[in-house]
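File shown: entry_23.txt. Contents: compact mmCIF, C-alpha atoms.
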# COMPACT_ATOMS: atom_id res chain seq x y z
CA SER A 665 17.32 -28.78 -10.58
CA LYS A 666 16.73 -26.65 -7.48
CA PHE A 667 13.44 -26.06 -5.67
CA ASP A 668 12.43 -23.30 -3.25
CA ASN A 669 10.04 -24.46 -0.56
CA ALA A 670 8.54 -22.18 2.06
CA ALA A 671 7.05 -25.09 3.95
CA SER A 672 5.62 -23.01 6.78
CA VAL A 673 4.99 -19.30 7.25
CA ILE A 674 3.30 -17.73 10.25
CA TYR A 675 1.39 -14.48 9.84
CA GLN A 676 0.05 -12.91 13.00
CA GLY A 677 -1.11 -9.40 13.62
CA PHE A 678 -4.09 -7.17 13.99
CA GLU A 679 -5.97 -4.39 12.24
CA LEU A 680 -7.76 -1.49 13.85
CA GLU A 681 -10.29 0.65 12.02
CA ALA A 682 -12.05 3.53 13.70
CA GLU A 683 -14.43 6.07 12.28
CA TYR A 684 -15.81 9.01 14.21
CA LEU A 685 -18.63 11.32 13.19
CA VAL A 686 -17.48 14.64 14.67
CA ASN A 687 -20.69 16.41 13.61
CA GLU A 688 -23.21 16.17 10.77
CA ASN A 689 -20.61 17.49 8.32
CA LEU A 690 -17.28 15.98 9.42
CA LYS A 691 -16.26 12.33 9.56
CA VAL A 692 -12.69 11.26 10.46
CA PHE A 693 -11.08 7.83 10.33
CA LEU A 694 -8.00 5.91 11.43
CA ASN A 695 -6.72 2.57 10.10
CA TYR A 696 -3.73 0.78 11.61
CA GLY A 697 -2.40 -2.66 10.80
CA TYR A 698 0.44 -4.59 12.43
CA LEU A 699 1.84 -7.79 10.89
CA ASP A 700 4.45 -10.15 12.28
CA ALA A 701 5.35 -12.44 9.36
CA GLU A 702 8.06 -15.06 9.68
CA TYR A 703 9.10 -18.33 8.12
CA GLU A 704 8.87 -21.28 10.43
CA ASP A 705 10.37 -23.71 7.90
CA PHE A 706 12.05 -22.50 4.69
CA GLU A 707 14.98 -23.84 2.66
CA THR A 708 16.37 -22.29 -0.52
CA ASP A 709 19.58 -21.36 -2.33
CA ILE A 710 20.05 -17.96 -0.68
CA ASN A 711 22.89 -16.91 -3.00
CA ALA A 712 21.83 -18.25 -6.40
CA THR A 713 24.52 -16.17 -8.17
CA ASP A 714 27.50 -17.89 -6.51
CA GLY A 715 27.45 -20.85 -8.95
CA LEU A 716 26.84 -23.34 -6.15
CA ASP A 717 23.60 -25.27 -5.83
CA LEU A 718 23.51 -24.92 -2.05
CA VAL A 719 20.12 -25.20 -0.37
CA GLU A 720 20.19 -23.92 3.20
CA ASP A 721 17.99 -22.74 6.04
CA ALA A 722 16.34 -19.40 5.14
CA THR A 723 13.99 -18.92 8.10
CA HIS A 724 15.81 -15.68 9.00
CA LEU A 725 14.46 -14.00 5.84
CA THR A 726 11.34 -11.82 5.76
CA PRO A 727 8.37 -13.09 3.72
CA ARG A 728 7.53 -11.06 0.61
CA ASN A 729 4.84 -8.36 0.54
CA ALA A 730 4.41 -8.30 4.33
CA PRO A 731 4.88 -4.78 5.74
CA LYS A 732 5.33 -4.63 9.52
CA TYR A 733 2.74 -1.86 9.77
CA THR A 734 0.32 0.22 7.74
CA LEU A 735 -1.34 3.46 8.81
CA GLY A 736 -4.10 5.57 7.33
CA VAL A 737 -5.68 8.70 8.78
CA GLY A 738 -8.02 11.21 7.20
CA GLY A 739 -11.50 12.53 6.91
CA THR A 740 -14.37 13.83 4.83
CA PHE A 741 -16.09 17.19 5.21
CA SER A 742 -19.52 17.34 3.57
CA TYR A 743 -21.72 20.40 3.28
CA PRO A 744 -25.08 20.76 1.48
CA ILE A 745 -25.12 23.43 -1.22
CA GLY A 746 -28.07 23.88 -3.58
CA ASN A 747 -29.29 20.52 -4.91
CA GLY A 748 -26.16 18.64 -3.88
CA ASP A 749 -23.28 18.29 -1.46
CA LEU A 750 -19.78 19.70 -1.47
CA GLU A 751 -17.32 17.05 -0.22
CA ILE A 752 -13.69 17.57 0.75
CA TYR A 753 -11.67 14.40 1.40
CA ALA A 754 -8.08 13.97 2.59
CA LYS A 755 -6.01 10.94 3.59
CA PHE A 756 -2.47 10.32 4.77
CA ALA A 757 -1.20 6.73 4.48
CA ARG A 758 2.12 5.14 5.46
CA VAL A 759 3.30 1.63 4.57
CA ASP A 760 6.41 0.12 6.18
CA ASP A 761 9.25 -1.57 4.24
CA ILE A 762 8.26 -4.43 1.93
CA GLU A 763 10.45 -7.21 0.60
CA THR A 764 9.62 -8.16 -3.01
CA SER A 765 12.51 -10.60 -3.49
CA LEU A 766 12.30 -14.14 -2.10
CA THR A 767 15.88 -13.85 -0.79
CA ASN A 768 15.45 -10.26 0.47
CA ALA A 769 17.87 -8.86 -2.12
CA PRO A 770 18.49 -5.13 -1.46
CA LEU A 771 17.17 -4.14 -4.92
CA GLY A 772 13.90 -5.88 -4.08
CA ARG A 773 13.24 -3.84 -0.94
CA ILE A 774 10.66 -1.06 -1.13
CA GLU A 775 11.44 1.41 1.64
CA ALA A 776 8.67 2.77 3.87
CA ARG A 777 6.57 5.22 1.92
CA ASP A 778 3.92 7.86 2.41
CA ASP A 779 0.89 8.74 0.34
CA ILE A 780 -1.18 11.88 0.67
CA SER A 781 -4.37 12.00 -1.36
CA ALA A 782 -7.14 14.59 -1.44
CA SER A 783 -10.22 15.53 -3.42
CA ILE A 784 -12.93 18.13 -3.58
CA GLY A 785 -16.18 17.44 -5.33
CA TYR A 786 -19.78 18.42 -5.81
CA PHE A 787 -22.34 15.59 -5.88
CA THR A 788 -26.02 15.63 -6.89
CA GLU A 789 -28.42 12.74 -7.55
CA GLN A 790 -27.57 12.68 -11.28
CA TRP A 791 -24.13 14.18 -11.71
CA SER A 792 -20.89 14.93 -9.93
CA VAL A 793 -17.62 16.70 -10.59
CA VAL A 794 -14.50 15.88 -8.55
CA ALA A 795 -10.99 17.34 -8.63
CA PHE A 796 -8.45 14.99 -7.08
CA GLY A 797 -4.77 14.63 -6.30
CA ARG A 798 -2.99 11.37 -5.53
CA ASN A 799 0.51 10.84 -4.14
CA LEU A 800 0.68 14.57 -3.47
CA ALA A 801 4.05 14.21 -1.68
CA ASP A 802 5.37 12.74 -4.97
CA ASP A 803 6.90 9.78 -3.09
CA GLU A 804 8.24 7.57 -5.89
CA TYR A 805 9.76 4.12 -5.53
CA GLU A 806 11.00 1.38 -7.80
CA ALA A 807 10.63 -2.34 -7.15
CA PHE A 808 12.79 -5.00 -8.78
CA THR A 809 11.93 -8.68 -9.07
CA PRO A 810 14.74 -10.99 -10.17
CA ILE A 811 13.77 -13.38 -12.98
CA ALA A 812 17.04 -15.21 -13.44
CA THR A 813 20.67 -14.76 -12.47
CA LEU A 814 21.28 -11.87 -14.90
CA PHE A 815 17.76 -10.52 -15.41
CA ALA A 816 15.17 -8.62 -13.38
CA VAL A 817 11.95 -6.79 -14.04
CA GLY A 818 11.16 -3.50 -12.35
CA SER A 819 8.20 -1.24 -11.87
CA ILE A 820 7.85 2.36 -10.75
CA ASN A 821 4.78 3.67 -8.96
CA CYS A 822 2.90 6.67 -10.28
CA GLY A 823 4.23 9.99 -9.10
CA ARG A 824 2.04 12.95 -8.21
CA THR A 825 -1.24 12.73 -10.15
CA TYR A 826 -3.98 15.31 -10.58
CA GLY A 827 -7.28 15.02 -12.37
CA VAL A 828 -10.91 15.99 -12.72
CA GLU A 829 -13.68 13.44 -12.98
CA LEU A 830 -17.14 14.26 -14.31
CA SER A 831 -19.94 11.69 -13.90
CA TYR A 832 -23.52 11.68 -15.09
CA GLU A 833 -26.18 9.02 -14.49
CA PHE A 834 -29.00 8.73 -17.00
Would you write out, as structure tokens, the structure that this file holds?
Amino acid sequence: SKFDNAASVIYQGFELEAEYLVNENLKVFLNYGYLDAEYEDFETDINATDGLDLVEDATHLTPRNAPKYTLGVGGTFSYPIGNGDLEIYAKFARVDDIETSLTNAPLGRIEARDDISASIGYFTEQWSVVAFGRNLADDEYEAFTPIATLFAVGSINCGRTYGVELSYEF
């Protein structure tokens, strides 16, 4: 039998989060993350489909689920109306490429993607109504994860989504 062993992985990076209150009604934010992820010691059968049980150095591969950078920027505008507040929210987010396959198989790579989300809502002490949109750019991607030599499982993210949410506290 064959074993995969990522004996040592180094993750180093930083995250920056900033929020600025422009005035009593407008708040803006910025999130940025940078990640340098690399194997220090890793041996596996890089080409499991070749019929050979060859375990070799795989430190040149990229660890799974480790995007090089993430970015988020947006804000909330809030304005009192009647017994509540009108809130308008918007956010743009970008996530760099992600490897989902241990051996960095091309089908397991999720390319860099964008997400634009927004909402407008009215909030009181007891109830709220919010109209929202997620993934407004309709940026769809599919991720494959190999299970065995001939099989894989895949998933597709949600495309553009709209909705209205009504809440009441009693």
(request) Select, counting all atoms listed in the file, all protein, DNA and RNA residues no farther than 10 Å from (-24.0, 13.0, -14.0) in file coordinates, and express the selection as an MDAnalysis selection string. (result) chainID A and resid 787:793 830:834
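When atom CA of Asn689 of chain A is paired with atom CA of Val759 of chain A, their separation reads 28.9 Å.
Relative to atom CA of Lys691 of chain A, atom CA of Gly736 of chain A is found at 14.1 Å.
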(request) Using only C-alpha atoms, pick whichever of A:Ala769, A:Val673, A:Ala757, A:Ala730 has the shortest atom-to-atom distance to Ile710 of chain A. (result) A:Ala769
(message) as a PyMOL selection string, please: the residues near Gly797 of chain A (cut-off 8 Å, only C-alpha atoms, same-chain neighbours under 4 positions excluded).
(response) chain A and resi 781-783+824-827
(message) Would you compute the distance between atom CA of Ile774 of chain A and atom CA of Glu720 of chain A? Give it in Å to one decimal.
(response) 25.1 Å
(request) Could you check which of A:Thr723, A:Thr708, A:Ser742, A:Asn729 is closest to Val692 of chain A, using all atoms listed in the file? (result) A:Ser742
(message) From the options A:Lys732, A:Lys755, A:Arg798, A:Arg777, which residue's atoms come nearest to Glu679 of chain A, counting all atoms listed in the file?
(response) A:Lys732
(message) Just checking: using only C-alpha atoms, which residue out of A:Gly785, A:Gly697, A:Gly677, A:Gly772 ends up closest to Ala754 of chain A?
(response) A:Gly785
(message) When you look at segment 725-728 of chain A with a cut-off of 9 Å (counting only C-alpha atoms), what residues show up, excluding the ones that are within fewer than 6 positions of it in the same chain? I need them as a ChimeraX atom specification.
(response) /A:673,701-703,706,762-768
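If only C-alpha atoms are the atoms counted, then among A:Asn747, A:Gln676, A:Asn821, A:Asn687 the closest residue to Asp779 of chain A is A:Asn821.
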